[in-house]
$ cat structure15.txt   # compact mmCIF, C-alpha atoms
# COMPACT_ATOMS: atom_id res chain seq x y z
CA MET P 1 -8.13 82.69 200.74
CA SER P 2 -8.05 80.07 197.98
CA ARG P 3 -10.96 79.66 195.58
CA SER P 4 -12.10 76.75 193.45
CA ALA P 5 -11.96 76.83 189.65
CA ASP P 6 -15.48 78.28 189.47
CA GLY P 7 -14.59 81.08 191.90
CA ARG P 8 -16.36 79.73 194.99
CA VAL P 9 -14.71 79.96 198.40
CA PRO P 10 -14.71 76.51 200.04
CA SER P 11 -16.53 76.38 203.34
CA ALA P 12 -14.56 75.61 206.50
CA PRO P 13 -14.93 72.04 207.73
CA SER P 14 -17.28 71.55 210.63
CA GLU P 15 -15.78 70.72 214.04
CA ALA P 16 -17.00 67.13 213.75
CA ALA P 17 -15.39 66.75 210.32
CA ARG P 18 -11.96 67.82 211.56
CA PRO P 19 -9.37 65.23 212.64
CA LEU P 20 -10.13 64.15 216.20
CA LEU P 21 -6.94 65.55 217.74
CA LEU P 22 -7.54 68.94 216.08
CA GLN P 23 -11.01 69.32 217.56
CA GLY P 24 -11.26 71.84 220.36
CA GLN P 25 -7.55 72.63 220.33
CA ASP P 26 -6.91 76.20 221.36
CA TYR P 27 -3.23 75.95 222.28
CA LEU P 28 -1.14 78.30 220.19
CA PHE P 29 2.49 79.14 220.89
CA ARG P 30 4.46 81.74 218.99
CA SER P 31 8.19 81.12 218.96
CA PRO P 32 10.04 84.36 218.14
CA PRO P 33 13.40 83.97 216.33
CA LYS P 34 15.16 86.41 218.66
CA CYS P 35 18.65 85.48 219.79
CA LEU P 36 18.87 85.19 223.58
CA ASP P 37 22.07 83.15 223.67
CA PHE P 38 24.64 84.77 225.97
CA GLN P 39 27.74 83.42 224.29
CA GLU P 40 26.58 84.29 220.79
CA GLN P 41 25.86 87.86 221.79
CA VAL P 42 29.18 88.50 223.55
CA HIS P 43 31.10 86.97 220.64
CA ARG P 44 29.25 89.08 218.09
CA LEU P 45 29.94 92.22 220.13
CA GLY P 46 33.66 91.44 220.21
CA MET P 47 33.72 91.18 224.00
CA VAL P 48 35.93 88.08 224.04
CA ASP P 49 39.50 87.27 223.12
CA GLU P 50 39.87 86.57 219.39
CA GLY P 51 42.25 83.71 220.19
CA ASP P 52 45.38 82.62 218.33
CA GLY P 53 43.66 81.47 215.16
CA ASN P 54 43.64 77.79 216.10
CA PRO P 55 40.30 75.94 216.09
CA GLN P 56 38.50 76.41 219.40
CA PRO P 57 36.95 73.29 220.97
CA CYS P 58 33.24 73.77 221.54
CA VAL P 59 29.85 72.28 222.25
CA LEU P 60 27.69 72.68 219.12
CA VAL P 61 23.92 72.93 219.58
CA LEU P 62 21.33 72.63 216.82
CA ALA P 63 18.17 74.15 218.28
CA ARG P 64 15.88 77.14 217.85
CA ALA P 65 16.04 80.60 219.34
CA ALA P 66 13.33 79.98 221.95
CA ASP P 67 15.05 76.90 223.39
CA MET P 68 15.50 78.35 226.87
CA GLU P 69 17.19 75.21 228.18
CA MET P 70 19.99 75.76 225.68
CA ASN P 71 20.12 79.50 226.41
CA GLU P 72 20.64 78.61 230.06
CA LEU P 73 23.26 76.00 229.14
CA SER P 74 25.18 78.67 227.21
CA ILE P 75 25.56 80.74 230.40
CA ALA P 76 26.47 77.71 232.51
CA LEU P 77 29.17 76.62 230.05
CA ALA P 78 30.55 80.17 229.79
CA GLU P 79 30.98 80.17 233.57
CA ARG P 80 33.05 76.99 233.16
CA GLY P 81 35.15 78.45 230.33
CA ILE P 82 33.58 76.21 227.68
CA ARG P 83 32.65 77.63 224.28
CA MET P 84 29.15 76.87 223.03
CA ALA P 85 28.01 77.63 219.49
CA ARG P 86 24.60 77.09 217.97
CA ILE P 87 22.72 76.75 214.72
CA ASP P 88 19.04 77.63 215.13
CA ALA P 89 16.45 76.35 212.68
CA ASP P 90 14.50 79.62 212.80
CA ARG P 91 17.64 81.73 212.20
CA CYS P 92 19.54 79.56 209.72
CA ILE P 93 18.70 81.35 206.46
CA ASP P 94 21.81 83.24 205.25
CA LEU P 95 23.85 81.86 208.17
CA PRO P 96 27.61 82.25 207.49
CA LEU P 97 28.53 78.57 207.92
CA SER P 98 31.18 76.33 206.38
CA VAL P 99 31.68 72.72 207.43
CA TYR P 100 34.85 70.83 206.61
CA THR P 101 34.31 67.26 205.47
CA ASP P 102 37.92 66.09 205.77
CA GLN P 103 38.41 67.21 209.38
CA PRO P 104 36.05 67.88 212.32
CA LEU P 105 35.98 71.67 211.92
CA ILE P 106 33.37 74.30 211.15
CA GLU P 107 33.50 78.03 210.44
CA LEU P 108 30.59 79.84 212.04
CA ASP P 109 30.56 83.53 211.29
CA ARG P 110 34.24 84.44 211.72
CA TRP P 111 35.04 81.70 214.24
CA LEU P 112 36.91 78.49 213.47
CA LEU P 113 35.52 75.83 215.78
CA ARG P 114 36.16 72.17 216.57
CA PRO P 115 32.96 70.63 217.92
CA LEU P 116 33.62 67.92 220.50
CA LEU P 117 30.00 67.37 221.52
CA VAL P 118 26.91 68.00 219.35
CA TRP P 119 23.36 68.23 220.70
CA ARG P 120 20.32 68.49 218.43
CA ARG P 121 17.20 69.79 220.21
CA HIS P 122 14.08 71.29 218.65
CA PHE P 123 15.83 71.79 215.31
CA GLU P 124 12.54 71.37 213.44
CA LEU P 125 12.58 71.88 209.69
CA SER P 126 9.08 73.39 209.86
CA ALA P 127 10.69 76.30 211.78
CA VAL P 128 12.98 77.27 208.88
CA PRO P 129 11.73 80.76 207.91
CA VAL P 130 10.79 80.28 204.27
CA GLU P 131 7.65 80.86 202.27
CA PRO P 132 5.62 77.61 202.38
CA GLY P 133 4.74 76.04 199.06
CA THR P 134 7.45 77.84 197.07
CA LEU P 135 10.29 76.25 195.15
CA ALA P 136 12.88 78.38 196.95
CA GLY P 137 11.39 77.40 200.31
CA ALA P 138 11.38 73.70 199.46
CA TYR P 139 14.97 73.99 198.27
CA ALA P 140 16.19 75.61 201.51
CA VAL P 141 14.37 73.13 203.75
CA ASP P 142 15.68 70.15 201.79
CA GLN P 143 19.27 71.37 201.95
CA TRP P 144 19.08 72.08 205.68
CA ALA P 145 17.46 68.70 206.30
CA SER P 146 20.40 66.89 204.71
CA VAL P 147 23.09 68.99 206.39
CA ALA P 148 21.44 68.98 209.84
CA ASN P 149 20.98 65.20 209.70
CA TRP P 150 24.64 64.79 208.76
CA LEU P 151 25.85 67.13 211.51
CA SER P 152 23.65 65.24 213.99
CA SER P 153 25.12 61.86 213.13
CA ARG P 154 28.70 62.59 212.02
CA SER P 155 31.02 60.04 213.60
CA ASP P 156 34.11 62.18 214.23
CA TRP P 157 32.54 64.04 217.13
CA ALA P 158 30.41 62.87 220.05
CA HIS P 159 26.66 63.41 220.40
CA VAL P 160 24.01 63.86 223.05
CA ASN P 161 21.07 61.56 222.23
CA PRO P 162 22.57 60.52 218.86
CA SER P 163 19.99 61.04 216.12
CA ARG P 164 20.84 57.77 214.37
CA PHE P 165 19.20 56.09 217.37
CA SER P 166 16.71 58.63 218.75
CA THR P 167 15.18 59.64 215.39
CA HIS P 168 13.61 56.21 215.07
CA LEU P 169 12.39 56.09 218.68
CA ASP P 170 8.68 56.45 217.90
CA ARG P 171 6.01 55.96 220.57
CA LEU P 172 5.10 52.46 219.42
CA THR P 173 8.72 51.27 219.53
CA GLN P 174 8.98 52.85 222.98
CA LEU P 175 6.01 50.85 224.25
CA SER P 176 7.25 47.50 222.98
CA ASP P 177 10.76 48.10 224.34
CA ALA P 178 9.42 49.27 227.71
CA ALA P 179 7.35 46.10 228.03
CA ALA P 180 10.43 44.01 227.16
CA PHE P 181 12.27 45.69 230.05
CA GLY P 182 9.55 44.74 232.51
CA LEU P 183 7.49 47.95 232.64
CA SER P 184 3.71 47.91 232.50
CA ILE P 185 2.14 49.63 229.48
CA PRO P 186 -1.48 50.45 228.58
CA ARG P 187 -3.28 48.28 226.03
CA THR P 188 -2.74 50.10 222.76
CA ALA P 189 -4.05 50.12 219.20
CA VAL P 190 -3.16 52.16 216.12
CA THR P 191 -6.14 52.94 213.95
CA THR P 192 -7.76 55.32 211.52
CA ARG P 193 -11.16 54.42 213.06
CA PRO P 194 -10.93 55.26 216.75
CA GLY P 195 -14.73 55.22 217.06
CA ARG P 196 -14.81 51.45 216.85
CA THR P 197 -11.41 50.53 218.34
CA ARG P 198 -11.30 50.29 222.14
CA PRO P 199 -8.36 48.39 223.64
CA GLY P 200 -9.60 46.80 226.85
CA GLY P 201 -13.21 47.51 225.90
CA GLY P 202 -13.71 50.47 228.27
CA ARG P 203 -12.68 54.13 228.51
CA CYS P 204 -9.86 55.11 226.16
CA ILE P 205 -7.48 57.97 225.43
CA VAL P 206 -6.58 59.14 221.91
CA LYS P 207 -3.01 60.30 221.29
CA THR P 208 -0.93 61.46 218.38
CA ALA P 209 1.38 58.89 216.83
CA GLY P 210 3.71 61.73 215.87
CA ARG P 211 4.69 65.04 217.45
CA HIS P 212 2.84 66.86 220.23
CA LEU P 213 3.33 70.19 218.43
CA LEU P 214 2.64 70.96 214.78
CA GLU P 215 4.20 73.98 213.09
CA PRO P 216 2.38 74.55 209.79
CA ARG P 217 3.94 78.03 209.60
CA PRO P 218 7.38 78.94 210.94
CA GLY P 219 7.16 80.19 214.51
CA VAL P 220 3.50 79.21 215.10
CA GLN P 221 2.95 75.94 216.95
CA HIS P 222 -0.32 74.10 217.55
CA GLY P 223 -0.75 71.43 220.21
CA LEU P 224 -1.94 67.85 219.70
CA PHE P 225 -2.87 66.70 223.18
CA PRO P 226 -4.15 63.38 224.52
CA ARG P 227 -7.92 63.48 224.84
CA PRO P 228 -10.61 61.09 226.07
CA LEU P 229 -12.39 59.06 223.42
CA GLU P 230 -16.02 59.84 224.08
CA THR P 231 -18.08 56.74 224.80
CA SER P 232 -20.83 58.13 222.61
CA ARG P 233 -18.50 58.21 219.63
CA ALA P 234 -19.59 55.13 217.70
CA SER P 235 -19.07 56.62 214.27
CA ASP P 236 -17.09 54.69 211.71
CA ALA P 237 -15.85 57.96 210.18
CA PRO P 238 -12.15 57.48 209.38
CA GLU P 239 -9.39 59.76 210.56
CA PRO P 240 -7.11 61.13 207.78
CA ALA P 241 -4.11 59.46 209.44
CA PRO P 242 -3.61 56.76 212.09
CA VAL P 243 -3.82 57.75 215.75
CA ILE P 244 -2.96 55.88 218.93
CA VAL P 245 -5.85 54.66 221.07
CA GLN P 246 -4.95 53.47 224.58
CA GLU P 247 -7.03 52.08 227.40
CA TYR P 248 -7.67 54.61 230.15
CA VAL P 249 -5.58 53.68 233.20
CA PRO P 250 -6.91 55.17 236.46
CA SER P 251 -3.97 56.60 238.37
CA ASP P 252 -3.14 58.22 241.67
CA THR P 253 -0.67 60.67 240.09
CA GLU P 254 1.92 60.98 237.31
CA LEU P 255 5.70 61.00 237.30
CA ARG P 256 8.09 62.90 235.05
CA VAL P 257 11.50 61.27 235.52
CA PHE P 258 14.50 63.00 233.94
CA VAL P 259 17.46 60.79 233.13
CA VAL P 260 20.76 62.68 232.96
CA GLY P 261 23.67 60.34 232.40
CA GLU P 262 23.28 57.82 235.23
CA GLN P 263 21.01 60.01 237.38
CA CYS P 264 17.23 59.86 237.74
CA ILE P 265 15.51 63.06 238.92
CA ALA P 266 11.76 62.77 239.41
CA TYR P 267 8.80 65.13 239.80
CA GLN P 268 5.30 64.19 240.82
CA VAL P 269 2.75 65.83 238.51
CA ASP P 270 -0.84 66.20 239.72
CA LYS P 271 -3.36 67.32 237.11
CA LEU P 272 -7.02 66.78 236.31
CA ASP P 273 -6.78 66.40 232.55
CA PRO P 274 -4.13 64.98 230.15
CA ALA P 275 -3.89 68.32 228.31
CA GLN P 276 -3.81 70.50 231.44
CA LEU P 277 -0.01 70.67 231.36
CA TRP P 278 -0.29 72.86 228.23
CA VAL P 279 -3.70 74.51 228.33
CA ASP P 280 -3.88 75.36 232.06
CA PRO P 281 -0.35 74.97 233.45
CA ASP P 282 -1.00 77.12 236.53
CA ALA P 283 -3.44 74.48 237.80
CA VAL P 284 -0.83 71.71 237.64
CA ARG P 285 0.97 70.84 240.89
CA VAL P 286 4.58 69.70 240.57
CA THR P 287 6.66 68.43 243.49
CA ARG P 288 10.07 66.82 243.68
CA THR P 289 9.95 63.14 244.62
CA GLU P 290 12.15 60.07 244.86
CA VAL P 291 12.35 57.24 242.34
CA PRO P 292 12.08 53.67 243.68
CA ALA P 293 15.30 51.77 242.99
CA SER P 294 13.53 49.08 240.96
CA LEU P 295 12.01 51.71 238.66
CA SER P 296 15.23 53.70 238.40
CA ASP P 297 17.14 50.58 237.35
CA ARG P 298 14.66 49.86 234.54
CA LEU P 299 14.60 53.44 233.27
CA LEU P 300 18.39 53.69 233.21
CA ALA P 301 18.59 50.34 231.42
CA LEU P 302 16.12 51.59 228.80
CA ALA P 303 18.06 54.84 228.36
CA ARG P 304 21.24 52.83 227.77
CA HIS P 305 19.40 50.55 225.34
CA TRP P 306 18.13 53.57 223.40
CA ARG P 307 21.52 55.31 223.76
CA VAL P 308 20.08 58.55 225.10
CA GLN P 309 21.83 60.57 227.78
CA VAL P 310 19.32 63.34 228.57
CA ALA P 311 15.63 62.47 228.35
CA ALA P 312 12.36 62.47 230.28
CA PHE P 313 10.12 59.49 231.06
CA ASP P 314 6.39 59.95 231.67
CA LEU P 315 4.68 57.35 233.85
CA LEU P 316 1.39 56.84 235.68
CA VAL P 317 1.37 55.74 239.33
CA THR P 318 -1.37 53.22 240.13
CA GLY P 319 -0.96 52.00 243.67
CA THR P 320 2.48 50.39 243.80
CA GLU P 321 2.73 49.99 240.00
CA HIS P 322 4.25 52.34 237.45
CA VAL P 323 2.78 52.40 233.95
CA PHE P 324 5.06 53.63 231.14
CA LEU P 325 3.56 56.21 228.77
CA GLU P 326 6.48 57.59 226.73
CA ILE P 327 10.00 58.98 226.70
CA ASN P 328 10.61 62.52 225.47
CA VAL P 329 14.12 62.89 224.05
CA ASN P 330 13.79 66.63 223.35
CA CYS P 331 12.67 67.16 226.92
CA ASP P 332 12.26 70.56 228.54
CA TRP P 333 12.88 70.71 232.27
CA ARG P 334 12.86 74.38 233.29
CA TRP P 335 9.06 74.50 233.61
CA PHE P 336 9.02 71.53 236.00
CA GLU P 337 11.84 73.06 238.02
CA HIS P 338 10.02 76.39 238.21
CA ARG P 339 6.80 74.77 239.42
CA ALA P 340 8.69 72.69 242.01
CA ASP P 341 11.05 75.53 243.02
CA ASP P 342 14.01 73.32 242.22
CA ASP P 343 17.00 73.32 239.84
CA ALA P 344 18.21 69.72 240.12
CA VAL P 345 17.86 68.87 236.42
CA SER P 346 19.56 72.04 235.19
CA THR P 347 22.47 71.45 237.56
CA ALA P 348 22.77 67.81 236.47
CA VAL P 349 22.64 68.69 232.75
CA HIS P 350 25.19 71.49 233.02
CA ASP P 351 27.56 69.30 235.03
CA TRP P 352 27.12 66.34 232.68
CA VAL P 353 27.78 68.38 229.51
CA ALA P 354 30.85 70.05 231.05
CA GLN P 355 32.22 66.73 232.30
CA ARG P 356 31.65 65.07 228.92
CA PHE P 357 33.32 68.02 227.15
CA HIS P 358 36.43 67.73 229.31
CA GLU P 359 36.54 63.95 228.80
CA LEU P 360 36.49 64.46 225.03
CA LEU P 361 39.01 67.31 225.22
CA GLY P 362 41.39 65.15 227.25
CA ALA P 363 40.98 62.21 224.90
CA GLY P 364 41.80 64.46 221.93
CA ARG P 365 44.93 65.83 223.54
CA SER P 366 46.18 62.34 224.33
CA ARG P 367 46.01 61.19 220.73
$ encode --input "structure15.txt" --output "structure tokens"
Amino acid sequence: MSRSADGRVPSAPSEAARPLLLQGQDYLFRSPPKCLDFQEQVHRLGMVDEGDGNPQPCVLVLARAADMEMNELSIALAERGIRMARIDADRCIDLPLSVYTDQPLIELDRWLLRPLLVWRRHFELSAVPVEPGTLAGAYAVDQWASVANWLSSRSDWAHVNPSRFSTHLDRLTQLSDAAAFGLSIPRTAVTTRPGRTRPGGGRCIVKTAGRHLLEPRPGVQHGLFPRPLETSRASDAPEPAPVIVQEYVPSDTELRVFVVGEQCIAYQVDKLDPAQLWVDPDAVRVTRTEVPASLSDRLLALARHWRVQVAAFDLLVTGTEHVFLEINVNCDWRWFEHRADDDAVSTAVHDWVAQRFHELLGAGRSR
């Protein structure tokens, strides 16, 4: 515990003095850096053909060890005879990696690979396992930030959800673009004084302007969930950073619509509280549903505009109207499938990645 110059231990801030979105948060997720990737394990154990020494075409994933969607993709691609390799943020220290700058090749461990398709998901720099606040830690994070950003935007291989577009797709840009494409959006303000800022003048919801999960220490994630702005909160006490305040929109239910290429796959999500999806997931009801053609057309048009190929839209259903909340580019779908007893998104993603890989492989052979 740190002490002041006179030796006193500073007292912990009261609950009311904490940032609004950190009050009452009890969600804690530990993300172990244990490799569960099928292809990585069989290659390390020498259970595959060493090949003829030529670069092997592959799908390259930048993720983290606990990314179960990518662990599942590894198995699905192996069944299709497609090599997948990965660089995990929480396992990248001392990784035997060399990247060629004059040709689209990498050496990963003892394998010479030619990435055709690169997908960055959950490669968070806060997950890099270094000692916070140290010079060596800052050095490693800074180097990985530069190299990961370059790998995620390099032009001589293709990308899923290219970072040069999706990195700048913040929630406020999402709202303005969604409105431009004809979707309804809640009245919204950005403020450091949520106690006196109420779009619409009635009940409001407070949301993070940044990430839903904070990782102050590698492998330990804390949730920042939407929460009601209490009507009794009239204080002018400032927040340490801007937050989003939106009017409360009464709704019949919610929709999570996954866009995979040109497909829309939707689930109806019934919950009592905005944070229930994380803090009490067993009480959330998820069912597969259909997407109206008019909504599907708008969502696919937005996905093309934002140049994302695999993403999830969150919307409220109010009567016959759909209200756009946000798009999640690093979307996870296995939980929704599990709750709905369905595997439509996994199947669509695996098929899309394999089809895109073969398109790129064929284009390379024809050159």
$ atom_distance --input "structure15.txt" --atom1 "atom CA of P:Ala189" --atom2 "atom CA of P:Pro242"
9.7 Å
$ residues_around --input "structure15.txt" --residues "P:Met68" --least-positions-apart "3" --cutoff "10 Å" --atoms "only C-alpha atoms" --output "list in words"
Leu36, Asp37, Ala63, Arg64, Ala65, Asn71, Glu72, Leu73, Ser74, Asp332, Trp333 and Arg334 of chain P
$ residues_around --input "structure15.txt" --residues "P:Asp170" --least-positions-apart "6" --cutoff "10 Å" --atoms "all atoms listed in the file" --output "list in words"
Ala209, Gly210, Arg211, Glu326, Ile327 and Asn328 of chain P
$ atom_distance --input "structure15.txt" --atom1 "atom CA of P:Thr318" --atom2 "atom CA of P:Gly182"
15.8 Å
$ residues_around --input "structure15.txt" --residues "P:Phe181" --least-positions-apart "3" --cutoff "7 Å" --atoms "all atoms listed in the file" --output "PyMOL selection string"
chain P and resi 177-178+298
$ atom_distance --input "structure15.txt" --atom1 "atom CA of P:Thr192" --atom2 "atom CA of P:Leu21"
12.0 Å
$ residues_around --input "structure15.txt" --residues "P:Ile205" --least-positions-apart "6" --cutoff "8 Å" --atoms "all atoms listed in the file" --output "list in words"
Pro226, Arg227, Pro228, Leu229, Val245, Gln246, Glu247 and Tyr248 of chain P
$ closest_residue --input "structure15.txt" --among "P:Phe324, P:Phe29, P:Phe38, P:Phe123" --to "P:Asp67" --atoms "all atoms listed in the file"
P:Phe123
$ closest_residue --input "structure15.txt" --among "P:Arg18, P:Arg307, P:Arg120, P:Arg114" --to "P:Gly261" --atoms "all atoms listed in the file"
P:Arg307
$ residues_around --input "structure15.txt" --residues "stretch 150-152 of chain P" --least-positions-apart "3" --cutoff "12 Å" --atoms "only C-alpha atoms" --output "PyMOL selection string"
chain P and resi 60-63+86-87+98-101+104-106+115-121+123+143-147+155-167
$ write_last_selection --input "structure15.txt" --atoms "C-alpha atoms" --output "compact mmCIF listing (two decimals), keeping the file's coordinate frame"
# COMPACT_ATOMS: atom_id res chain seq x y z
CA LEU P 60 27.69 72.68 219.12
CA VAL P 61 23.92 72.93 219.58
CA LEU P 62 21.33 72.63 216.82
CA ALA P 63 18.17 74.15 218.28
CA ARG P 86 24.60 77.09 217.97
CA ILE P 87 22.72 76.75 214.72
CA SER P 98 31.18 76.33 206.38
CA VAL P 99 31.68 72.72 207.43
CA TYR P 100 34.85 70.83 206.61
CA THR P 101 34.31 67.26 205.47
CA PRO P 104 36.05 67.88 212.32
CA LEU P 105 35.98 71.67 211.92
CA ILE P 106 33.37 74.30 211.15
CA PRO P 115 32.96 70.63 217.92
CA LEU P 116 33.62 67.92 220.50
CA LEU P 117 30.00 67.37 221.52
CA VAL P 118 26.91 68.00 219.35
CA TRP P 119 23.36 68.23 220.70
CA ARG P 120 20.32 68.49 218.43
CA ARG P 121 17.20 69.79 220.21
CA PHE P 123 15.83 71.79 215.31
CA GLN P 143 19.27 71.37 201.95
CA TRP P 144 19.08 72.08 205.68
CA ALA P 145 17.46 68.70 206.30
CA SER P 146 20.40 66.89 204.71
CA VAL P 147 23.09 68.99 206.39
CA SER P 155 31.02 60.04 213.60
CA ASP P 156 34.11 62.18 214.23
CA TRP P 157 32.54 64.04 217.13
CA ALA P 158 30.41 62.87 220.05
CA HIS P 159 26.66 63.41 220.40
CA VAL P 160 24.01 63.86 223.05
CA ASN P 161 21.07 61.56 222.23
CA PRO P 162 22.57 60.52 218.86
CA SER P 163 19.99 61.04 216.12
CA ARG P 164 20.84 57.77 214.37
CA PHE P 165 19.20 56.09 217.37
CA SER P 166 16.71 58.63 218.75
CA THR P 167 15.18 59.64 215.39
$ closest_residue --input "structure15.txt" --among "P:Val130, P:Ile185, P:Ala85, P:Cys58" --to "P:Ala354" --atoms "all atoms listed in the file"
P:Cys58
$ closest_residue --input "structure15.txt" --among "P:Ala241, P:Arg339, P:Arg304, P:Val206" --to "P:Ala283" --atoms "all atoms listed in the file"
P:Arg339
